[in-house]
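A.B. asks: So here's model02.cif (mmCIF, C-alpha atoms and all ligand atoms).
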data_model
#
loop_
_atom_site.label_atom_id
_atom_site.label_comp_id
_atom_site.auth_asym_id
_atom_site.auth_seq_id
_atom_site.Cartn_x
_atom_site.Cartn_y
_atom_site.Cartn_z
CA MET A 846 121.98 123.83 117.61
CA THR A 847 118.93 121.57 117.92
CA SER A 848 116.21 123.74 119.45
CA SER A 849 113.21 121.76 120.66
CA PHE A 850 109.63 122.78 119.94
CA GLN A 851 109.43 124.06 123.51
CA ASP A 852 112.61 126.15 123.04
CA LEU A 853 111.25 127.63 119.82
CA TYR A 854 107.66 128.34 120.73
CA GLY A 855 107.47 128.24 124.55
CA HIS A 856 105.09 125.24 124.78
CA LEU A 857 104.80 121.61 123.73
CA PRO A 858 103.45 120.42 120.34
CA GLU A 859 99.94 118.92 120.14
CA THR A 860 100.57 116.78 117.06
CA VAL A 861 103.61 114.64 116.21
CA VAL A 862 103.58 112.71 112.91
CA GLN A 863 105.95 111.59 110.17
CA ALA A 864 106.06 110.31 106.59
CA PRO A 865 108.83 108.38 104.83
CA GLY A 866 110.94 108.97 101.75
CA ARG A 867 110.86 106.27 99.07
CA VAL A 868 113.09 104.32 96.74
CA ASN A 869 111.56 103.41 93.41
CA LEU A 870 112.53 99.83 92.50
CA ILE A 871 111.55 100.24 88.84
CA GLY A 872 109.13 102.21 86.64
CA GLU A 873 110.83 105.55 86.08
CA HIS A 874 109.08 108.53 84.44
CA THR A 875 106.10 106.29 83.78
CA ASP A 876 103.86 107.98 86.38
CA TYR A 877 103.10 111.14 84.39
CA ASN A 878 102.40 108.89 81.39
CA GLY A 879 99.66 106.94 83.19
CA GLY A 880 101.93 103.91 83.65
CA PHE A 881 103.15 101.51 86.34
CA VAL A 882 105.58 102.18 89.21
CA LEU A 883 107.04 100.06 92.01
CA PRO A 884 108.26 102.22 94.91
CA MET A 885 109.01 101.12 98.47
CA ALA A 886 109.11 103.31 101.59
CA ILE A 887 112.51 103.80 103.24
CA PRO A 888 113.05 104.04 107.00
CA GLN A 889 114.19 107.68 106.69
CA GLN A 890 111.31 110.03 107.46
CA THR A 891 110.30 113.65 107.75
CA HIS A 892 109.04 114.41 111.27
CA ILE A 893 106.52 117.13 112.04
CA GLU A 894 105.65 118.63 115.43
CA LEU A 895 102.76 121.06 115.30
CA ARG A 896 100.49 123.18 117.45
CA LYS A 897 97.47 125.17 116.30
CA ARG A 898 97.24 128.92 116.82
CA GLN A 899 94.14 131.08 117.29
CA ASP A 900 95.10 133.48 114.49
CA GLN A 901 96.01 133.01 110.80
CA ARG A 902 99.79 133.07 111.24
CA VAL A 903 102.02 130.11 110.31
CA ARG A 904 105.40 129.98 112.04
CA ALA A 905 107.81 127.35 110.80
CA PHE A 906 111.23 126.03 111.72
CA SER A 907 113.21 123.44 109.82
CA LEU A 908 116.40 121.83 111.02
CA ASN A 909 117.77 120.74 107.66
CA THR A 910 117.78 123.73 105.41
CA ASP A 911 119.85 126.79 104.75
CA HIS A 912 117.55 128.69 107.08
CA ARG A 913 118.86 126.70 110.02
CA GLY A 914 118.00 128.46 113.23
CA GLU A 915 115.45 130.85 111.77
CA ILE A 916 111.65 130.82 112.21
CA LEU A 917 109.95 131.78 108.92
CA GLU A 918 106.40 133.11 108.88
CA TYR A 919 103.46 133.73 106.59
CA GLU A 920 99.75 134.45 106.86
CA LEU A 921 97.12 131.93 105.69
CA GLY A 922 95.46 133.23 102.53
CA HIS A 923 98.64 135.13 101.58
CA GLU A 924 100.69 132.17 100.35
CA ASP A 925 103.30 133.47 97.94
CA ARG A 926 105.91 131.36 96.16
CA ARG A 927 109.37 132.37 97.33
CA LYS A 928 111.37 129.40 96.05
CA GLY A 929 112.57 128.10 99.39
CA TRP A 930 111.54 125.27 101.69
CA LEU A 931 108.69 127.40 103.02
CA ASP A 932 107.00 126.95 99.62
CA TYR A 933 106.14 123.34 100.52
CA LEU A 934 104.30 124.53 103.64
CA GLN A 935 102.65 127.39 101.81
CA GLY A 936 101.69 124.94 99.06
CA VAL A 937 100.07 122.60 101.59
CA THR A 938 97.92 125.31 103.18
CA TYR A 939 97.13 126.73 99.73
CA VAL A 940 95.82 123.41 98.32
CA LEU A 941 93.92 122.55 101.53
CA ARG A 942 92.17 125.92 101.62
CA ARG A 943 91.50 125.73 97.87
CA ALA A 944 89.81 122.35 98.48
CA GLY A 945 87.54 124.02 101.07
CA HIS A 946 89.19 122.83 104.30
CA SER A 947 89.24 125.37 107.09
CA LEU A 948 92.44 125.91 109.01
CA THR A 949 93.84 128.35 111.52
CA GLY A 950 97.48 129.28 111.78
CA PHE A 951 99.96 126.93 113.45
CA GLU A 952 103.49 126.55 114.70
CA VAL A 953 105.56 123.78 113.24
CA ARG A 954 109.00 122.23 113.69
CA ILE A 955 110.34 120.02 110.92
CA THR A 956 113.23 117.57 110.96
CA SER A 957 114.04 115.11 108.20
CA GLU A 958 116.37 112.18 107.70
CA VAL A 959 115.59 112.02 103.96
CA PRO A 960 118.53 113.63 102.14
CA LEU A 961 117.49 116.54 99.91
CA GLY A 962 117.95 116.22 96.14
CA SER A 963 118.85 112.54 96.48
CA GLY A 964 116.10 111.04 94.31
CA LEU A 965 114.53 109.63 97.50
CA SER A 966 111.54 111.94 97.55
CA SER A 967 112.38 114.32 100.36
CA SER A 968 109.80 116.86 99.17
CA ALA A 969 106.86 114.42 98.95
CA SER A 970 107.78 113.17 102.40
CA LEU A 971 107.57 116.76 103.66
CA ASP A 972 104.27 117.45 101.85
CA VAL A 973 102.65 114.23 103.11
CA SER A 974 103.92 114.56 106.68
CA LEU A 975 102.56 118.10 106.95
CA LEU A 976 99.26 117.09 105.37
CA ARG A 977 99.01 114.24 107.89
CA ALA A 978 99.76 116.63 110.77
CA LEU A 979 97.09 119.09 109.62
CA ARG A 980 94.58 116.26 109.04
CA GLN A 981 95.10 115.21 112.64
CA ALA A 982 95.20 118.70 114.17
CA PHE A 983 92.11 119.99 112.32
CA SER A 984 90.22 116.65 112.02
CA LEU A 985 90.16 116.96 108.23
CA PRO A 986 88.08 114.26 106.46
CA LEU A 987 90.88 112.98 104.19
CA ASP A 988 91.97 109.43 103.43
CA ASP A 989 95.54 108.47 102.54
CA VAL A 990 94.98 108.56 98.77
CA GLN A 991 93.42 112.03 99.03
CA ILE A 992 96.45 113.11 101.07
CA ALA A 993 98.71 111.85 98.26
CA LEU A 994 96.73 113.68 95.57
CA LEU A 995 96.90 116.91 97.57
CA GLY A 996 100.65 116.35 97.96
CA GLN A 997 100.98 116.14 94.17
CA GLN A 998 98.98 119.38 93.80
CA VAL A 999 101.40 121.12 96.17
CA GLU A 1000 104.27 120.31 93.81
CA VAL A 1001 102.50 120.92 90.51
CA ASP A 1002 100.24 123.86 91.33
CA PHE A 1003 102.29 125.72 93.91
CA VAL A 1004 105.97 124.77 93.90
CA GLY A 1005 106.04 124.51 90.10
CA ALA A 1006 107.51 120.99 89.76
CA PRO A 1007 105.36 119.10 87.17
CA VAL A 1008 105.76 115.71 88.89
CA GLY A 1009 103.59 112.59 88.78
CA VAL A 1010 101.72 110.91 91.62
CA MET A 1011 104.25 108.20 92.54
CA ASP A 1012 106.14 109.98 95.31
CA PRO A 1013 103.22 111.25 97.41
CA MET A 1014 101.47 107.88 96.97
CA ALA A 1015 104.60 106.13 98.22
CA ALA A 1016 104.99 108.53 101.16
CA SER A 1017 101.31 108.14 102.05
CA ILE A 1018 100.66 104.42 101.61
CA ALA A 1019 103.86 102.41 100.98
CA GLY A 1020 105.60 100.31 103.61
CA VAL A 1021 109.27 99.59 104.33
CA GLY A 1022 110.50 96.37 102.69
CA VAL A 1023 107.28 95.94 100.68
CA ALA A 1024 107.00 97.20 97.11
CA LEU A 1025 103.91 99.18 96.15
CA PHE A 1026 102.80 98.08 92.68
CA LEU A 1027 100.80 101.10 91.57
CA ASP A 1028 98.87 101.77 88.39
CA THR A 1029 99.10 105.55 88.19
CA ARG A 1030 96.18 105.75 85.77
CA ASP A 1031 93.50 104.60 88.21
CA LEU A 1032 95.56 104.51 91.44
CA ARG A 1033 94.84 100.82 91.99
CA PHE A 1034 97.65 99.29 93.99
CA GLU A 1035 98.89 96.03 95.39
CA ARG A 1036 101.62 95.36 97.95
CA VAL A 1037 104.36 92.96 96.81
CA PRO A 1038 106.90 91.81 99.42
CA LEU A 1039 110.56 91.50 98.48
CA PRO A 1040 111.53 87.83 98.13
CA PRO A 1041 114.06 86.21 100.44
CA GLY A 1042 117.64 86.09 99.22
CA VAL A 1043 118.14 89.74 98.42
CA ASP A 1044 119.48 92.82 100.23
CA PRO A 1045 118.33 96.09 98.66
CA ILE A 1046 120.92 98.89 98.81
CA VAL A 1047 120.64 102.56 97.94
CA ILE A 1048 123.72 104.68 97.28
CA ASN A 1049 123.25 108.42 97.00
CA SER A 1050 125.74 109.71 94.42
CA GLY A 1051 126.06 113.08 96.15
CA VAL A 1052 125.07 114.81 92.88
CA ALA A 1053 121.87 116.73 93.70
CA HIS A 1054 118.95 117.30 91.32
CA ASN A 1055 116.04 119.72 91.23
CA HIS A 1056 112.76 118.77 89.52
CA SER A 1057 111.41 122.26 89.20
CA ALA A 1058 114.44 122.85 86.97
CA GLY A 1059 114.21 122.42 83.20
CA ASP A 1060 115.19 118.85 82.32
CA TYR A 1061 112.33 117.02 84.04
CA ARG A 1062 109.85 119.48 82.55
CA VAL A 1063 111.35 118.95 79.07
CA ARG A 1064 110.99 115.15 79.36
CA ARG A 1065 107.38 115.49 80.37
CA ALA A 1066 106.64 117.85 77.48
CA GLU A 1067 108.35 115.46 75.04
CA CYS A 1068 106.10 112.62 76.21
CA GLU A 1069 102.98 114.75 75.83
CA ARG A 1070 104.05 115.82 72.32
CA ALA A 1071 104.80 112.22 71.31
CA ALA A 1072 101.40 111.05 72.60
CA GLU A 1073 99.73 113.79 70.59
CA LEU A 1074 101.64 112.88 67.40
CA LEU A 1075 100.79 109.20 67.86
CA GLY A 1076 97.14 109.98 68.51
CA VAL A 1077 96.87 108.58 72.05
CA LYS A 1078 95.86 110.25 75.29
CA GLN A 1079 98.91 109.04 77.22
CA LEU A 1080 101.97 106.94 76.32
CA ARG A 1081 100.51 104.26 78.58
CA ASP A 1082 98.08 103.54 75.74
CA LEU A 1083 100.92 102.21 73.55
CA THR A 1084 102.36 98.69 73.43
CA GLU A 1085 105.52 97.23 71.94
CA ALA A 1086 103.57 96.72 68.69
CA ASP A 1087 103.44 100.53 68.35
CA LEU A 1088 107.20 100.98 68.58
CA PRO A 1089 107.98 100.81 64.84
CA ARG A 1090 105.54 103.70 64.35
CA ALA A 1091 106.99 105.62 67.31
CA GLU A 1092 110.51 105.18 65.97
CA LYS A 1093 109.56 107.25 62.93
CA LEU A 1094 108.96 110.30 65.15
CA PRO A 1095 111.67 112.98 65.10
CA ASP A 1096 114.51 112.20 67.49
CA PRO A 1097 114.46 112.14 70.51
CA LEU A 1098 110.69 111.53 70.70
CA GLY A 1099 110.90 107.95 69.40
CA ARG A 1100 113.49 107.07 72.04
CA ARG A 1101 111.43 108.68 74.80
CA VAL A 1102 108.42 106.57 73.77
CA ARG A 1103 110.54 103.42 73.63
CA HIS A 1104 111.69 104.03 77.22
CA ILE A 1105 108.16 104.49 78.52
CA VAL A 1106 106.70 101.49 76.68
CA THR A 1107 109.54 99.12 77.60
CA GLU A 1108 109.72 100.45 81.19
CA ASN A 1109 106.03 99.74 81.75
CA ALA A 1110 106.63 96.18 80.52
CA ARG A 1111 109.64 95.89 82.84
CA VAL A 1112 107.54 96.87 85.86
CA LEU A 1113 105.10 94.05 85.09
CA ALA A 1114 107.98 91.61 84.59
CA THR A 1115 109.59 92.77 87.85
CA VAL A 1116 106.38 92.15 89.81
CA GLU A 1117 106.31 88.65 88.35
CA ALA A 1118 109.99 88.07 89.22
CA LEU A 1119 109.38 89.32 92.80
CA ARG A 1120 106.51 86.87 93.15
CA THR A 1121 108.51 83.92 91.85
CA GLY A 1122 111.71 84.98 93.64
CA ASP A 1123 113.66 85.01 90.36
CA LEU A 1124 116.62 87.12 91.49
CA PRO A 1125 118.77 86.87 88.32
CA LYS A 1126 115.74 88.01 86.30
CA LEU A 1127 115.27 90.98 88.67
CA GLY A 1128 118.90 91.90 88.08
CA THR A 1129 118.54 91.75 84.29
CA LEU A 1130 115.46 93.97 84.46
CA PHE A 1131 117.29 96.51 86.66
CA TYR A 1132 120.20 96.82 84.22
CA ALA A 1133 117.85 97.01 81.22
CA SER A 1134 115.92 99.80 82.96
CA HIS A 1135 119.13 101.67 83.66
CA ASP A 1136 120.32 101.39 80.05
CA SER A 1137 116.96 102.62 78.84
CA GLN A 1138 117.15 105.63 81.18
CA ARG A 1139 120.71 106.33 80.07
CA LEU A 1140 120.35 105.93 76.31
CA ASP A 1141 116.68 106.47 75.44
CA TYR A 1142 115.41 108.76 78.19
CA GLU A 1143 118.77 110.48 78.83
CA VAL A 1144 118.24 111.17 82.52
CA SER A 1145 121.46 109.67 83.88
CA VAL A 1146 124.75 111.42 84.62
CA PRO A 1147 128.31 109.98 84.56
CA GLU A 1148 128.47 109.58 88.36
CA ILE A 1149 125.29 107.49 88.38
CA ASP A 1150 126.56 105.39 85.44
CA LEU A 1151 129.78 104.80 87.37
CA LEU A 1152 127.82 103.47 90.38
CA VAL A 1153 125.80 101.15 88.14
CA ASP A 1154 128.97 99.91 86.41
CA LEU A 1155 130.56 99.19 89.80
CA GLY A 1156 127.44 97.13 90.53
CA ARG A 1157 127.83 95.24 87.22
CA ALA A 1158 131.43 94.39 88.13
CA ASP A 1159 130.56 93.12 91.61
CA PRO A 1160 129.87 89.37 91.91
CA ASP A 1161 127.43 89.89 94.79
CA VAL A 1162 125.18 92.35 92.92
CA TYR A 1163 122.19 91.06 90.91
CA GLY A 1164 121.26 94.40 89.40
CA ALA A 1165 121.55 98.19 89.74
CA ARG A 1166 119.76 101.19 88.29
CA LEU A 1167 119.19 104.90 88.66
CA THR A 1168 116.19 105.51 90.93
CA GLY A 1169 113.98 108.62 90.98
CA GLY A 1170 113.86 111.56 88.62
CA GLY A 1171 117.52 111.42 87.58
CA PHE A 1172 120.05 114.12 86.62
CA GLY A 1173 121.84 113.06 89.81
CA GLY A 1174 120.39 111.38 92.89
CA SER A 1175 120.71 107.73 93.84
CA VAL A 1176 121.19 104.20 92.56
CA VAL A 1177 119.22 101.21 93.86
CA MET A 1178 120.98 97.83 93.83
CA LEU A 1179 119.96 94.32 94.72
CA ALA A 1180 122.74 92.37 96.45
CA ARG A 1181 122.94 88.76 97.52
CA GLU A 1182 121.36 88.29 100.96
CA GLY A 1183 123.78 88.88 103.80
CA THR A 1184 126.23 90.85 101.64
CA GLY A 1185 124.41 94.20 101.49
CA VAL A 1186 126.47 96.05 104.09
CA ALA A 1187 129.82 94.89 102.69
CA VAL A 1188 128.79 95.42 99.05
CA ALA A 1189 127.53 98.93 99.75
CA ALA A 1190 130.71 99.84 101.62
CA ARG A 1191 133.07 98.61 98.89
CA ILE A 1192 131.10 100.12 96.01
CA ALA A 1193 130.77 103.45 97.84
CA LYS A 1194 134.52 103.48 98.48
CA ARG A 1195 135.41 102.70 94.85
CA TYR A 1196 132.91 105.31 93.68
CA ALA A 1197 134.29 107.97 96.03
CA ASP A 1198 137.87 107.22 94.93
CA GLN A 1199 137.01 107.41 91.24
CA SER A 1200 134.52 110.30 91.24
CA GLY A 1201 135.70 112.53 94.09
CA GLN A 1202 132.07 112.68 95.30
CA ARG A 1203 130.88 111.91 98.83
CA PRO A 1204 128.38 109.05 98.52
CA ALA A 1205 125.95 108.07 101.25
CA ILE A 1206 124.73 104.53 101.88
CA LEU A 1207 121.22 103.66 102.85
CA LEU A 1208 119.95 100.18 103.61
CA PRO A 1209 116.21 100.37 102.98
CA GLN A 1210 115.27 97.18 104.79
CA ALA A 1211 117.23 97.77 107.99
CA SER A 1212 114.91 98.74 110.82
CA SER A 1213 116.88 101.89 111.54
CA GLY A 1214 117.94 102.40 107.91
CA THR A 1215 121.58 103.26 108.33
CA LEU A 1216 122.60 106.31 106.39
CA SER A 1217 126.25 107.07 106.43
CA SER A 1218 128.65 109.29 104.60
CA ARG A 1219 132.15 108.24 103.94
C1 LIG I 1301 110.39 112.26 90.40
C2 LIG I 1301 108.91 112.64 90.31
F1 LIG I 1301 108.53 113.33 91.42
C3 LIG I 1301 108.04 111.41 90.14
O1 LIG I 1301 106.71 111.81 89.92
C4 LIG I 1301 108.54 110.52 89.00
O2 LIG I 1301 108.20 111.07 87.75
C5 LIG I 1301 110.03 110.29 89.12
O3 LIG I 1301 110.75 111.51 89.25
C6 LIG I 1301 110.58 109.55 87.93
O4 LIG I 1301 110.09 108.27 87.91
O5 LIG I 1301 110.63 111.56 91.58
#
Can you give me the file's structure in the form of structure tokens?
Ligand code: GAF
C.D. replies:
Amino acid sequence: MTSSFQDLYGHLPETVVQAPGRVNLIGEHTDYNGGFVLPMAIPQQTHIELRKRQDQRVRAFSLNTDHRGEILEYELGHEDRRKGWLDYLQGVTYVLRRAGHSLTGFEVRITSEVPLGSGLSSSASLDVSLLRALRQAFSLPLDDVQIALLGQQVEVDFVGAPVGVMDPMAASIAGVGVALFLDTRDLRFERVPLPPGVDPIVINSGVAHNHSAGDYRVRRAECERAAELLGVKQLRDLTEADLPRAEKLPDPLGRRVRHIVTENARVLATVEALRTGDLPKLGTLFYASHDSQRLDYEVSVPEIDLLVDLGRADPDVYGARLTGGGFGGSVVMLAREGTGVAVAARIAKRYADQSGQRPAILLPQASSGTLSSR
């Protein structure tokens, strides 16, 4: 059943906006260490239709959740974490009101093409799209970076997922087919187009993750502890010259530091390779990043490693790596131009046959961004 806004609420919406998911090309787990990231928006978006109310009541309907078909409600000023999708909405009104913005209640209908738990930032796309809708509906004086920072507060302060700033920044300011080279320490950014000759591919492994769960939190705490032991504010402050010292830390802290330091260097090298169009170099950096995530940061899972290995064995693939927070989610690959559709189809088929999972393919540069399940 796909009830329209009119079916649900008896009138038309006043505001219709959207925000995309993202694929991170490289720079994983560097954002909460003050480091570099390189995400790109994907064509899949979260869509919001909204209409203001006179009272303080929020009424919300989402088409892609377990609550399918049900309108959930809460009262502004009485936001209360219930651990469901409504928490993202409650988090948005909570952080906006905390920042002094005045709102009234509203009715909202949400639909999203960004698959949940896929490492493609479905939650930041929801946070940012709702923040955009409320900015428009209530004429809030917020720029796109402020929207992203509020989106991060929703996750950290309300939902309880201690994430960095990459995903809301990507949802708020990144474009499709153009990488966003972002320094998460000072939020300076530059847009870097993908060079000709390459087809980016994303394959969702079908293994879902959850960042408010323990593993992500543990990694973040390990980084903070390592920074403290090494006497720096953030791991971003270290260079490769510090690695011998870091390697003396109790395991696994030394390996966590090595991932962050080498991953930051790989982001810089990737930006350079994008600029010069050095596709083999991009591929080498992707595989090195994956190995570092697998061995040093320990955020991969066997299904993701299988997808990357299928990439390694494919003559049309330059490079492949886990993208996003890990513990499941998706792999991003760079294929030879013109081969992306065929490569994605054959790797997804081999993966499905060997893993028993149901992968989904996403072509981040296609204008419609095909997403298909086998
Ligand atoms: C998740 C988080 F939300 C990001 O902030 C980032 O840390 C990423 O994992 C790993 O790079 O997407």
A.B. asks: Using only C-alpha atoms and all ligand atoms, which residues have at least one atom no more than 8 Å from ligand LIG 1301 (chain I)? Output them as a PDB file with C-alpha atoms, in the coordinates of the input.
C.D. replies:
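As a result, out_8.pdb now contains:
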ATOM      1  CA  ASN A 869     111.560 103.410  93.410  1.00  0.00           C
ATOM      2  CA  GLY A 872     109.130 102.210  86.640  1.00  0.00           C
ATOM      3  CA  GLU A 873     110.830 105.550  86.080  1.00  0.00           C
ATOM      4  CA  HIS A 874     109.080 108.530  84.440  1.00  0.00           C
ATOM      5  CA  THR A 875     106.100 106.290  83.780  1.00  0.00           C
ATOM      6  CA  ASP A 876     103.860 107.980  86.380  1.00  0.00           C
ATOM      7  CA  TYR A 877     103.100 111.140  84.390  1.00  0.00           C
ATOM      8  CA  VAL A 882     105.580 102.180  89.210  1.00  0.00           C
ATOM      9  CA  GLY A 964     116.100 111.040  94.310  1.00  0.00           C
ATOM     10  CA  LEU A 965     114.530 109.630  97.500  1.00  0.00           C
ATOM     11  CA  SER A 966     111.540 111.940  97.550  1.00  0.00           C
ATOM     12  CA  ALA A 969     106.860 114.420  98.950  1.00  0.00           C
ATOM     13  CA  ALA A1006     107.510 120.990  89.760  1.00  0.00           C
ATOM     14  CA  PRO A1007     105.360 119.100  87.170  1.00  0.00           C
ATOM     15  CA  VAL A1008     105.760 115.710  88.890  1.00  0.00           C
ATOM     16  CA  GLY A1009     103.590 112.590  88.780  1.00  0.00           C
ATOM     17  CA  VAL A1010     101.720 110.910  91.620  1.00  0.00           C
ATOM     18  CA  MET A1011     104.250 108.200  92.540  1.00  0.00           C
ATOM     19  CA  ASP A1012     106.140 109.980  95.310  1.00  0.00           C
ATOM     20  CA  HIS A1056     112.760 118.770  89.520  1.00  0.00           C
ATOM     21  CA  TYR A1061     112.330 117.020  84.040  1.00  0.00           C
ATOM     22  CA  THR A1168     116.190 105.510  90.930  1.00  0.00           C
ATOM     23  CA  GLY A1169     113.980 108.620  90.980  1.00  0.00           C
ATOM     24  CA  GLY A1170     113.860 111.560  88.620  1.00  0.00           C
ATOM     25  CA  GLY A1171     117.520 111.420  87.580  1.00  0.00           C
TER      26      GLY A1171
END
A.B. asks: Name all residues at most 12 Å from A:Pro1125 (count all atoms listed in the file; drop same-chain ones fewer than 5 positions away) and give them as a PyMOL selection string.
C.D. replies: chain A and resi 1042-1043+1115+1118-1119+1130-1132+1160-1165+1179-1181
A.B. asks: Which residues, written as an mmCIF file with C-alpha atoms, keeping the file's coordinate frame, have at least one atom at most 8 Å from A:Val861, with all atoms listed in the file counted and residues fewer than 4 positions away on the same chain left out?
C.D. replies:
data_model
loop_
_atom_site.group_PDB
_atom_site.id
_atom_site.type_symbol
_atom_site.label_atom_id
_atom_site.label_comp_id
_atom_site.auth_asym_id
_atom_site.auth_seq_id
_atom_site.Cartn_x
_atom_site.Cartn_y
_atom_site.Cartn_z
ATOM 1 C CA HIS A 892 109.040 114.410 111.270
ATOM 2 C CA ILE A 893 106.520 117.130 112.040
ATOM 3 C CA GLU A 894 105.650 118.630 115.430
ATOM 4 C CA LEU A 895 102.760 121.060 115.300
ATOM 5 C CA ALA A 978 99.760 116.630 110.770
#
A.B. asks: When you look at stretch 985-993 of chain A with a cut-off of 7 Å (counting only C-alpha atoms), what residues show up, excluding the ones that are within fewer than 5 positions of it in the same chain? I need them as a CSV table (one decimal) with C-alpha atoms, keeping the file's coordinate frame.
C.D. replies:
chain,number,residue,atom,x,y,z
A,973,VAL,CA,102.6,114.2,103.1
A,976,LEU,CA,99.3,117.1,105.4
A,980,ARG,CA,94.6,116.3,109.0
A,1013,PRO,CA,103.2,111.2,97.4
A,1014,MET,CA,101.5,107.9,97.0
A,1017,SER,CA,101.3,108.1,102.0
A,1018,ILE,CA,100.7,104.4,101.6
A.B. asks: When distances are computed from all atoms listed in the file, which of A:Val868, A:Leu979, A:Ala905, A:Val1021 shows the smallest separation from A:Thr956?
C.D. replies: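 Comparing A:Val868, A:Leu979, A:Ala905, A:Val1021 against A:Thr956, the winner is A:Ala905.
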A.B. asks: Looking at only C-alpha atoms, which of A:Arg1036, A:Arg1191, A:Arg1064, A:Arg1111 is the one that sits closest to A:Met885?
C.D. replies: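 Smallest distance to A:Met885 is found for A:Arg1036.
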A.B. asks: What does the distance from atom CA of A:Leu1080 to atom CA of A:Gly1099 come to in Å, to one decimal?
C.D. replies: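 So the two atoms, atom CA of A:Leu1080 and atom CA of A:Gly1099, lie 11.3 Å apart.
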A.B. asks: Just give me the gap between atom CA of A:Leu921 and atom CA of A:Phe951 in Å, one decimal is fine.
C.D. replies: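 Calculated distance between atom CA of A:Leu921 and atom CA of A:Phe951 is 9.7 Å.
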A.B. asks: Quick one: pull the distance between atom CA of A:Lys1093 and atom CA of A:Asp1136, Å, one decimal.
C.D. replies: 21.1 Å
A.B. asks: Give me the residues within 10 Å of A:Phe1034 as a list in words, counting all atoms listed in the file and dropping any in the same chain fewer than 4 places off.
C.D. replies: Phe881, Val882, Leu883, Met1014, Ile1018, Ala1019, Leu1025, Phe1026, Leu1027, Asp1028 and Thr1029 of chain A
A.B. asks: Using all atoms listed in the file, which residue out of A:Leu1098, A:Gln997, A:Ser1050, A:Ala1193 lies closest to A:Leu1167?
C.D. replies: A:Ser1050
A.B. asks: Tell me which of A:Lys928, A:Arg942, A:Arg954, A:Arg1030 sits closest to A:Tyr854, counting only C-alpha atoms.
C.D. replies: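 For A:Tyr854, the nearest of the candidates is A:Arg954.
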A.B. asks: At a cut-off of 12 Å, using all atoms listed in the file, what residues contact A:Gly936? Leave out same-chain residues fewer than 4 positions from it and give the result as a ChimeraX atom specification.
C.D. replies: /A:919,921-932,940-943,968-969,971-973,975-976,995-1006
